[in-house]
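What follows is the content of my_file.pdb, which has PDB, C-alpha atoms:
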```
ATOM      1  CA  MET A   1      92.631 116.082   9.471
ATOM      2  CA  PHE A   2      93.741 112.631  10.558
ATOM      3  CA  ALA A   3      96.372 114.126  12.893
ATOM      4  CA  VAL A   4      93.851 116.510  14.461
ATOM      5  CA  GLY A   5      91.402 113.647  15.011
ATOM      6  CA  ALA A   6      94.078 111.494  16.637
ATOM      7  CA  ARG A   7      95.083 114.323  18.965
ATOM      8  CA  ALA A   8      91.466 114.943  19.975
ATOM      9  CA  GLN A   9      91.107 111.300  21.052
ATOM     10  CA  GLU A  10      94.413 111.166  22.945
ATOM     11  CA  VAL A  11      93.976 109.640  26.406
ATOM     12  CA  LYS A  12      95.606 111.579  29.241
ATOM     13  CA  HIS A  13      96.097 110.635  32.872
ATOM     14  CA  TYR A  14      95.976 113.165  35.709
ATOM     15  CA  ARG A  15      96.887 112.855  39.398
ATOM     16  CA  PHE A  16      94.373 113.352  42.214
ATOM     17  CA  ALA A  17      96.115 113.405  45.603
ATOM     18  CA  HIS A  18      95.024 113.489  49.243
ATOM     19  CA  ASP A  19      96.313 112.490  52.681
ATOM     20  CA  GLN A  20      93.542 110.099  53.756
ATOM     21  CA  GLN A  21      93.066 106.350  53.426
ATOM     22  CA  LEU A  22      90.586 104.692  51.083
ATOM     23  CA  ASN A  23      86.971 104.411  52.288
ATOM     24  CA  THR A  24      86.971 108.008  53.495
ATOM     25  CA  GLY A  25      85.168 111.102  52.236
ATOM     26  CA  TYR A  26      88.244 111.992  50.208
ATOM     27  CA  SER A  27      88.279 108.712  48.289
ATOM     28  CA  VAL A  28      84.502 108.989  47.779
ATOM     29  CA  ALA A  29      85.100 112.412  46.201
ATOM     30  CA  TYR A  30      87.746 110.899  43.936
ATOM     31  CA  ASP A  31      85.426 108.091  42.860
ATOM     32  CA  MET A  32      82.621 110.499  41.950
ATOM     33  CA  PHE A  33      84.904 112.913  40.109
ATOM     34  CA  SER A  34      86.940 110.347  38.166
ATOM     35  CA  THR A  35      83.889 108.309  37.124
ATOM     36  CA  LYS A  36      81.986 111.351  35.870
ATOM     37  CA  LEU A  37      84.992 112.873  34.084
ATOM     38  CA  LYS A  38      85.771 109.575  32.349
ATOM     39  CA  GLU A  39      82.152 109.402  31.185
ATOM     40  CA  LEU A  40      81.962 113.004  29.954
ATOM     41  CA  SER A  41      85.333 112.865  28.191
ATOM     42  CA  LYS A  42      84.550 109.460  26.644
ATOM     43  CA  GLY A  43      87.604 108.004  28.333
ATOM     44  CA  THR A  44      90.090 110.669  27.214
ATOM     45  CA  MET A  45      90.564 112.221  30.690
ATOM     46  CA  LEU A  46      91.456 109.611  33.302
ATOM     47  CA  ILE A  47      92.191 110.413  36.940
ATOM     48  CA  ASP A  48      94.628 108.353  39.021
ATOM     49  CA  GLN A  49      94.280 108.475  42.806
ATOM     50  CA  TYR A  50      97.234 108.946  45.168
ATOM     51  CA  PRO A  51      95.809 108.493  48.695
ATOM     52  CA  GLY A  52      97.424 108.236  52.129
ATOM     53  CA  ALA A  53      99.814 111.176  51.710
ATOM     54  CA  GLN A  54     101.804 109.260  49.070
ATOM     55  CA  LEU A  55     102.703 112.569  47.443
ATOM     56  CA  GLY A  56     102.882 114.587  50.668
ATOM     57  CA  GLN A  57     100.861 115.987  53.562
ATOM     58  CA  GLU A  58      98.217 118.599  52.778
ATOM     59  CA  PRO A  59     100.411 121.745  52.981
ATOM     60  CA  GLN A  60     102.882 120.067  50.593
ATOM     61  CA  LEU A  61     100.079 118.974  48.262
ATOM     62  CA  LEU A  62      98.859 122.553  48.014
ATOM     63  CA  GLN A  63     102.320 123.671  46.912
ATOM     64  CA  LEU A  64     102.513 120.845  44.354
ATOM     65  CA  VAL A  65      99.157 121.868  42.877
ATOM     66  CA  LYS A  66     100.263 125.516  42.807
ATOM     67  CA  SER A  67     103.416 124.554  40.898
ATOM     68  CA  GLY A  68     101.457 122.322  38.520
ATOM     69  CA  ASP A  69     103.265 119.132  39.602
ATOM     70  CA  ILE A  70      99.905 117.637  40.673
ATOM     71  CA  GLU A  71      96.745 118.337  38.707
ATOM     72  CA  PHE A  72      94.071 117.772  41.373
ATOM     73  CA  ALA A  73      93.950 117.489  45.156
ATOM     74  CA  ILE A  74      91.359 117.509  47.912
ATOM     75  CA  ILE A  75      92.506 119.453  50.979
ATOM     76  CA  SER A  76      90.865 120.402  54.258
ATOM     77  CA  SER A  77      89.682 124.000  54.333
ATOM     78  CA  ALA A  78      91.733 124.402  57.526
ATOM     79  CA  ASN A  79      94.995 123.459  55.826
ATOM     80  CA  THR A  80      93.996 125.663  52.893
ATOM     81  CA  ALA A  81      94.468 128.520  55.360
ATOM     82  CA  THR A  82      98.245 127.975  54.946
ATOM     83  CA  ILE A  83      97.972 129.593  51.496
ATOM     84  CA  SER A  84      94.787 131.634  51.999
ATOM     85  CA  PRO A  85      94.266 132.566  55.688
ATOM     86  CA  GLN A  86      90.648 133.590  55.090
ATOM     87  CA  ALA A  87      89.818 129.922  54.402
ATOM     88  CA  GLY A  88      90.038 129.512  58.183
ATOM     89  CA  VAL A  89      86.461 130.788  58.320
ATOM     90  CA  MET A  90      85.285 127.276  57.419
ATOM     91  CA  SER A  91      86.867 126.059  60.670
ATOM     92  CA  LEU A  92      84.904 128.340  62.979
ATOM     93  CA  HIS A  93      83.428 126.302  65.800
ATOM     94  CA  PHE A  94      79.655 125.820  65.743
ATOM     95  CA  LEU A  95      79.373 127.745  62.467
ATOM     96  CA  PHE A  96      77.118 124.915  61.326
ATOM     97  CA  HIS A  97      74.039 123.801  63.295
ATOM     98  CA  ASP A  98      74.096 120.131  62.358
ATOM     99  CA  ALA A  99      74.882 117.600  59.612
ATOM    100  CA  ASP A 100      72.009 118.753  57.393
ATOM    101  CA  HIS A 101      73.280 122.335  57.580
ATOM    102  CA  VAL A 102      76.756 121.219  56.475
ATOM    103  CA  VAL A 103      75.364 119.250  53.515
ATOM    104  CA  LYS A 104      73.133 122.131  52.400
ATOM    105  CA  ALA A 105      75.848 124.778  52.750
ATOM    106  CA  LEU A 106      78.489 122.839  50.823
ATOM    107  CA  ALA A 107      76.043 122.362  47.930
ATOM    108  CA  ASP A 108      74.881 125.995  47.942
ATOM    109  CA  GLN A 109      76.047 127.735  44.770
ATOM    110  CA  LYS A 110      76.444 131.135  46.466
ATOM    111  CA  VAL A 111      78.730 129.587  49.094
ATOM    112  CA  ILE A 112      80.717 127.698  46.444
ATOM    113  CA  ASP A 113      81.110 130.836  44.303
ATOM    114  CA  ALA A 114      82.258 132.854  47.333
ATOM    115  CA  ILE A 115      84.888 130.223  48.194
ATOM    116  CA  LYS A 116      86.104 130.124  44.578
ATOM    117  CA  ALA A 117      86.394 133.930  44.536
ATOM    118  CA  MET A 118      88.293 133.917  47.838
ATOM    119  CA  ILE A 119      90.935 131.518  46.491
ATOM    120  CA  ASP A 120      91.195 133.207  43.097
ATOM    121  CA  GLU A 121      91.785 136.593  44.756
ATOM    122  CA  THR A 122      94.093 135.488  47.584
ATOM    123  CA  ALA A 123      96.176 132.638  46.139
ATOM    124  CA  GLN A 124      97.923 131.920  42.848
ATOM    125  CA  GLY A 125      98.485 128.796  40.787
ATOM    126  CA  LEU A 126      95.287 126.931  41.635
ATOM    127  CA  HIS A 127      91.497 127.125  41.642
ATOM    128  CA  VAL A 128      88.707 125.592  43.728
ATOM    129  CA  ILE A 129      86.378 123.393  41.684
ATOM    130  CA  ALA A 130      84.317 121.738  44.441
ATOM    131  CA  THR A 131      83.519 121.543  48.138
ATOM    132  CA  GLY A 132      83.584 118.336  50.166
ATOM    133  CA  SER A 133      83.251 116.948  53.660
ATOM    134  CA  GLN A 134      84.522 114.362  56.089
ATOM    135  CA  GLY A 135      81.704 114.916  58.571
ATOM    136  CA  VAL A 136      82.233 116.882  61.761
ATOM    137  CA  ARG A 137      85.139 116.877  64.194
ATOM    138  CA  ASN A 138      85.168 115.339  67.666
ATOM    139  CA  ILE A 139      87.805 115.056  70.400
ATOM    140  CA  TYR A 140      89.600 111.800  71.174
ATOM    141  CA  SER A 141      92.065 110.922  73.918
ATOM    142  CA  LYS A 142      92.552 108.500  76.812
ATOM    143  CA  LYS A 143      90.036 110.395  78.968
ATOM    144  CA  GLU A 144      86.373 111.258  78.641
ATOM    145  CA  ILE A 145      85.343 114.817  77.758
ATOM    146  CA  HIS A 146      81.870 115.620  79.083
ATOM    147  CA  ASN A 147      82.028 119.424  79.083
ATOM    148  CA  VAL A 148      84.381 122.272  78.310
ATOM    149  CA  GLY A 149      85.883 122.117  81.810
ATOM    150  CA  ASP A 150      87.345 118.690  81.016
ATOM    151  CA  LEU A 151      89.610 120.301  78.380
ATOM    152  CA  LYS A 152      91.416 122.533  80.864
ATOM    153  CA  GLY A 153      95.179 122.067  80.482
ATOM    154  CA  VAL A 154      94.801 119.338  77.830
ATOM    155  CA  LYS A 155      97.470 119.380  75.105
ATOM    156  CA  ILE A 156      95.502 118.885  71.892
ATOM    157  CA  ARG A 157      96.710 118.574  68.323
ATOM    158  CA  VAL A 158      94.744 120.979  66.137
ATOM    159  CA  GLN A 159      94.957 122.176  62.558
ATOM    160  CA  ALA A 160      97.207 125.178  62.060
ATOM    161  CA  THR A 161      94.658 127.954  61.662
ATOM    162  CA  ALA A 162      94.114 131.236  63.468
ATOM    163  CA  THR A 163      90.600 130.083  64.345
ATOM    164  CA  GLU A 164      91.825 126.958  66.163
ATOM    165  CA  ASP A 165      94.554 128.890  67.948
ATOM    166  CA  ALA A 166      91.978 131.356  69.263
ATOM    167  CA  ILE A 167      89.114 129.047  70.206
ATOM    168  CA  PHE A 168      90.823 126.026  71.787
ATOM    169  CA  PRO A 169      92.787 128.152  74.290
ATOM    170  CA  ALA A 170      89.486 129.855  75.123
ATOM    171  CA  TYR A 171      88.261 126.376  76.107
ATOM    172  CA  GLY A 172      91.317 126.101  78.384
ATOM    173  CA  ALA A 173      93.303 123.711  76.169
ATOM    174  CA  GLN A 174      96.885 123.990  74.919
ATOM    175  CA  THR A 175      97.126 123.777  71.118
ATOM    176  CA  VAL A 176      99.850 121.816  69.336
ATOM    177  CA  HIS A 177     100.448 121.809  65.562
ATOM    178  CA  MET A 178     101.849 118.869  63.620
ATOM    179  CA  PRO A 179     101.274 117.094  60.293
ATOM    180  CA  PHE A 180      98.356 114.650  60.334
ATOM    181  CA  GLY A 181     100.757 111.754  59.755
ATOM    182  CA  SER A 182     102.442 112.439  63.121
ATOM    183  CA  VAL A 183      99.261 112.344  65.227
ATOM    184  CA  TYR A 184      99.250 108.592  65.980
ATOM    185  CA  THR A 185     102.802 108.515  67.349
ATOM    186  CA  SER A 186     102.316 111.773  69.264
ATOM    187  CA  LEU A 187      99.252 110.372  71.025
ATOM    188  CA  GLN A 188     101.115 107.144  71.692
ATOM    189  CA  THR A 189     104.144 108.858  73.229
ATOM    190  CA  GLY A 190     102.247 111.555  75.110
ATOM    191  CA  VAL A 191     103.509 114.495  73.046
ATOM    192  CA  VAL A 192      99.809 115.385  72.956
ATOM    193  CA  ASP A 193      96.961 114.271  75.223
ATOM    194  CA  ALA A 194      94.231 114.528  72.617
ATOM    195  CA  ALA A 195      93.428 115.171  68.977
ATOM    196  CA  GLU A 196      90.268 115.926  67.037
ATOM    197  CA  ASN A 197      88.847 114.741  63.768
ATOM    198  CA  SER A 198      85.837 113.050  62.229
ATOM    199  CA  VAL A 199      84.699 109.599  63.360
ATOM    200  CA  ASN A 200      85.679 107.809  60.150
ATOM    201  CA  VAL A 201      89.118 109.436  59.980
ATOM    202  CA  TYR A 202      89.674 108.359  63.609
ATOM    203  CA  LEU A 203      88.697 104.800  62.638
ATOM    204  CA  VAL A 204      90.548 104.248  59.355
ATOM    205  CA  ASN A 205      93.786 105.761  60.683
ATOM    206  CA  LYS A 206      93.516 103.561  63.813
ATOM    207  CA  HIS A 207      93.902 106.482  66.197
ATOM    208  CA  TYR A 208      91.569 104.591  68.564
ATOM    209  CA  GLU A 209      94.493 102.261  69.330
ATOM    210  CA  VAL A 210      96.312 105.057  71.171
ATOM    211  CA  ALA A 211      93.331 107.261  72.119
ATOM    212  CA  PRO A 212      90.482 104.849  72.937
ATOM    213  CA  VAL A 213      87.899 107.410  74.086
ATOM    214  CA  LEU A 214      85.923 109.374  71.484
ATOM    215  CA  SER A 215      83.922 112.299  72.862
ATOM    216  CA  ILE A 216      81.211 113.522  70.471
ATOM    217  CA  THR A 217      81.745 117.284  70.681
ATOM    218  CA  GLU A 218      80.836 118.011  67.019
ATOM    219  CA  HIS A 219      82.559 121.352  67.490
ATOM    220  CA  GLU A 220      83.612 121.934  63.891
ATOM    221  CA  ALA A 221      82.709 120.883  60.358
ATOM    222  CA  ASN A 222      85.407 118.844  58.637
ATOM    223  CA  ASN A 223      85.213 120.738  55.361
ATOM    224  CA  ALA A 224      87.372 120.161  52.311
ATOM    225  CA  LEU A 225      88.079 121.884  49.003
ATOM    226  CA  VAL A 226      88.939 120.273  45.675
ATOM    227  CA  PHE A 227      91.640 122.080  43.707
ATOM    228  CA  VAL A 228      92.834 122.073  40.108
ATOM    229  CA  SER A 229      96.234 123.465  39.149
ATOM    230  CA  ASP A 230      96.145 126.630  37.082
ATOM    231  CA  ARG A 231      98.760 125.120  34.761
ATOM    232  CA  LEU A 232      96.387 122.304  33.817
ATOM    233  CA  TRP A 233      93.327 124.574  33.761
ATOM    234  CA  GLN A 234      94.922 126.955  31.261
ATOM    235  CA  SER A 235      95.873 124.035  29.002
ATOM    236  CA  LEU A 236      92.324 122.674  28.743
ATOM    237  CA  SER A 237      89.918 123.464  25.955
ATOM    238  CA  ALA A 238      86.585 125.136  26.758
ATOM    239  CA  GLU A 239      84.888 121.758  26.386
ATOM    240  CA  GLN A 240      87.360 120.035  28.726
ATOM    241  CA  LYS A 241      86.927 122.777  31.319
ATOM    242  CA  GLN A 242      83.187 122.187  31.200
ATOM    243  CA  TRP A 243      83.687 118.453  31.709
ATOM    244  CA  VAL A 244      85.898 119.106  34.755
ATOM    245  CA  ALA A 245      83.425 121.618  36.202
ATOM    246  CA  THR A 246      80.474 119.269  35.710
ATOM    247  CA  ALA A 247      82.334 116.320  37.242
ATOM    248  CA  ALA A 248      83.428 118.478  40.186
ATOM    249  CA  ALA A 249      79.843 119.609  40.783
ATOM    250  CA  GLU A 250      78.987 115.949  41.491
ATOM    251  CA  ILE A 251      81.222 116.139  44.565
ATOM    252  CA  SER A 252      79.605 119.249  46.049
ATOM    253  CA  ALA A 253      76.127 117.860  45.417
ATOM    254  CA  LYS A 254      76.593 114.278  46.619
ATOM    255  CA  GLU A 255      79.788 113.642  48.583
ATOM    256  CA  PRO A 256      78.949 115.401  51.894
ATOM    257  CA  ALA A 257      75.873 113.234  52.497
ATOM    258  CA  LYS A 258      77.960 110.128  51.738
ATOM    259  CA  ALA A 259      80.582 111.338  54.227
ATOM    260  CA  PHE A 260      78.005 111.510  57.004
ATOM    261  CA  GLU A 261      76.839 107.988  56.131
ATOM    262  CA  LEU A 262      80.449 106.849  56.564
ATOM    263  CA  GLU A 263      80.476 108.535  59.991
ATOM    264  CA  LYS A 264      77.516 106.451  61.182
ATOM    265  CA  THR A 265      79.036 103.222  59.877
ATOM    266  CA  ALA A 266      82.367 104.091  61.506
ATOM    267  CA  ALA A 267      80.728 104.738  64.908
ATOM    268  CA  THR A 268      79.101 101.300  64.815
ATOM    269  CA  LYS A 269      82.433  99.685  63.918
ATOM    270  CA  LEU A 270      84.252 101.535  66.714
ATOM    271  CA  LYS A 271      81.746 100.322  69.304
ATOM    272  CA  SER A 272      82.316  96.756  68.139
ATOM    273  CA  LEU A 273      86.057  97.306  68.675
ATOM    274  CA  GLY A 274      85.438  98.360  72.265
ATOM    275  CA  VAL A 275      86.031 102.079  71.828
ATOM    276  CA  LYS A 276      84.352 104.216  74.479
ATOM    277  CA  ILE A 277      82.076 106.750  72.768
ATOM    278  CA  VAL A 278      80.905 109.620  74.966
ATOM    279  CA  ASP A 279      77.582 110.744  73.486
ATOM    280  CA  ASP A 280      76.367 112.974  76.316
ATOM    281  CA  VAL A 281      78.825 115.844  75.830
ATOM    282  CA  ASP A 282      77.481 119.211  76.986
ATOM    283  CA  LYS A 283      78.002 120.955  73.635
ATOM    284  CA  LYS A 284      76.367 124.112  74.922
ATOM    285  CA  SER A 285      79.285 124.616  77.329
ATOM    286  CA  PHE A 286      81.597 124.759  74.277
ATOM    287  CA  ALA A 287      79.232 126.776  72.077
ATOM    288  CA  ALA A 288      78.744 129.452  74.747
ATOM    289  CA  ILE A 289      82.486 130.189  74.601
ATOM    290  CA  ALA A 290      82.851 129.795  70.827
ATOM    291  CA  ASP A 291      79.827 131.852  69.767
ATOM    292  CA  PRO A 292      81.312 135.326  70.361
ATOM    293  CA  TYR A 293      84.269 134.337  68.183
ATOM    294  CA  LEU A 294      82.137 133.688  65.095
ATOM    295  CA  ASP A 295      81.670 137.318  64.103
ATOM    296  CA  GLU A 296      84.942 138.532  65.613
ATOM    297  CA  LEU A 297      87.243 136.041  63.883
ATOM    298  CA  ALA A 298      85.418 136.183  60.544
ATOM    299  CA  LYS A 299      85.845 139.956  60.524
ATOM    300  CA  GLU A 300      89.525 139.696  61.497
ATOM    301  CA  LEU A 301      90.187 137.154  58.744
ATOM    302  CA  GLY A 302      88.861 139.480  56.046
ATOM    303  CA  PRO A 303      85.963 140.360  53.740
ATOM    304  CA  HIS A 304      85.835 136.997  51.935
ATOM    305  CA  ALA A 305      85.679 135.177  55.266
ATOM    306  CA  GLU A 306      82.941 137.449  56.550
ATOM    307  CA  LYS A 307      80.891 136.963  53.374
ATOM    308  CA  ILE A 308      81.230 133.164  53.513
ATOM    309  CA  LYS A 309      80.281 133.127  57.209
ATOM    310  CA  ASN A 310      77.175 135.212  56.538
ATOM    311  CA  LEU A 311      76.114 133.063  53.568
ATOM    312  CA  ILE A 312      76.478 129.865  55.616
ATOM    313  CA  ARG A 313      74.612 131.258  58.614
ATOM    314  CA  ALA A 314      71.746 132.386  56.346
ATOM    315  CA  ILE A 315      71.083 128.811  55.168
ATOM    316  CA  ASN A 316      68.267 127.106  57.071
TER     317      ASN A 316
END
```
Represent the structure contained in this file as structure tokens.
Amino acid sequence: MFAVGARAQEVKHYRFAHDQQLNTGYSVAYDMFSTKLKELSKGTMLIDQYPGAQLGQEPQLLQLVKSGDIEFAIISSANTATISPQAGVMSLHFLFHDADHVVKALADQKVIDAIKAMIDETAQGLHVIATGSQGVRNIYSKKEIHNVGDLKGVKIRVQATATEDAIFPAYGAQTVHMPFGSVYTSLQTGVVDAAENSVNVYLVNKHYEVAPVLSITEHEANNALVFVSDRLWQSLSAEQKQWVATAAAEISAKEPAKAFELEKTAATKLKSLGVKIVDDVDKKSFAAIADPYLDELAKELGPHAEKIKNLIRAIN
């Protein structure tokens, strides 16, 4: 009995990895998850954070979670498309109407369940336990983007998804793929003319130093998914699984709104640093081109993608 009691109280540490700096949506998600799990487990399940791509860029992190070498990771839904192409549906341009729509959709249980089912049926070795956000994505470069015509011929670094490779060329841009960690140098050396990401990611990674003009296109939600390795999941007791699920639910419910707060704070900071922020972008010129792709690409990606798209669009 004594041995069983000692085992039950054994403290274990688990790794939670991501490719962003601290003070981003990803680290906010970690804080919420680790705090809640520590509380529920009475200090027996402790989560250690590995930020800034310490353990690898997102495609590598996915493989490490799949193999069970990392227990938890938060990954963009776009990069998740490297193991489950239908996840690219979350990257469809103008799928979401505004920030409130993103927050509501990521907390919607039907959407979460559909995403979990998509991963469980199309990938092995890992499971989705939560949704997250880093705001919405905007374009940054050395030139101002006021409408879709300003993107003609621009070499832009995008995430490696079928959705990006279809929609950006439709805008007239040339897409370039590279790991996130290579974006700064590529902008600096002219390998690419532009990149796109959320305001806070642009700030904390200092991309404004080499691309000092931020054009608020808000073309795409910067969605993320939190994963647990199947190896860990299968080793947990029913009670431990419930603790993990409950702690993960905190992220879906609360993190997206926090991410959008970080976006506002970041915009204010960027202005103080002298960054040119173009607020009067003609988003309708982009949306008019992107809109026909919503149904077409979701259908091409597959039934899970189409279901997720429909569920998101149905949320008011």
Evaluate the PyMOL selection byres ((chain A and resi 151) around 9) here and jot the selected residues down as JSON, numbers by chain.
-> {"A": [145, 147, 148, 149, 150, 152, 153, 154, 155, 156, 168, 171, 172, 173, 174]}
Could you give me, as CSV, a per-residue list for segment 42-74 of chain A showing, wherever an atom lies at most 10 Å from an atom of segment 181-199 of chain A, the closest pair of atoms and their distance in Å to one decimal, using only C-alpha atoms and sorting by chain then residue number from low to high?
```
residue,atom,partner,partner_atom,distance
A:Gly52,CA,A:Gly181,CA,9.0
A:Ala53,CA,A:Gly181,CA,8.1
A:Gly56,CA,A:Gly181,CA,9.8
A:Gln57,CA,A:Gly181,CA,7.5
```
Exactly which residues make up the result of the PyMOL selection byres ((chain A and resi 215-223) around 8) on this file, given as JSON, numbers by chain?
-> {"A": [76, 77, 78, 90, 91, 92, 93, 94, 95, 96, 102, 131, 132, 133, 134, 135, 136, 137, 138, 139, 140, 144, 145, 146, 197, 198, 213, 214, 224, 225, 277, 278, 279, 280, 281, 282, 283, 286, 287]}
Output as CSV one row per residue of segment 197-229 of chain A within 12 Å of segment 7-16 of chain A: the closest atom pair and its distance in Å to one decimal place, counting only C-alpha atoms, sorted by chain and residue number ascending.
```
residue,atom,partner,partner_atom,distance
A:Val226,CA,A:Phe16,CA,9.5
A:Phe227,CA,A:Phe16,CA,9.3
A:Val228,CA,A:Phe16,CA,9.1
A:Ser229,CA,A:Arg15,CA,10.6
```
Can you spit out the residues from that selection as a short mmCIF file (atom, residue, chain, number, x, y, z; two decimals), in the coordinates of the input, using C-alpha atoms?
```cif
data_model
loop_
_atom_site.label_atom_id
_atom_site.label_comp_id
_atom_site.auth_asym_id
_atom_site.auth_seq_id
_atom_site.Cartn_x
_atom_site.Cartn_y
_atom_site.Cartn_z
CA VAL A 226 88.94 120.27 45.68
CA PHE A 227 91.64 122.08 43.71
CA VAL A 228 92.83 122.07 40.11
CA SER A 229 96.23 123.46 39.15
#
```
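Shortest atom-to-atom contact with Lys42 of chain A among A:Trp243, A:Lys143, A:Ser235, A:Val89: A:Trp243, counting all atoms listed in the file.
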Would you kindly translate the PyMOL selection byres ((chain A and resi 18) around 12) into the concrete residues it picks from this file, as a PyMOL selection string?
-> chain A and resi 15-17+19-22+24-30+48-62+64-65+70-76+79+180+224-227
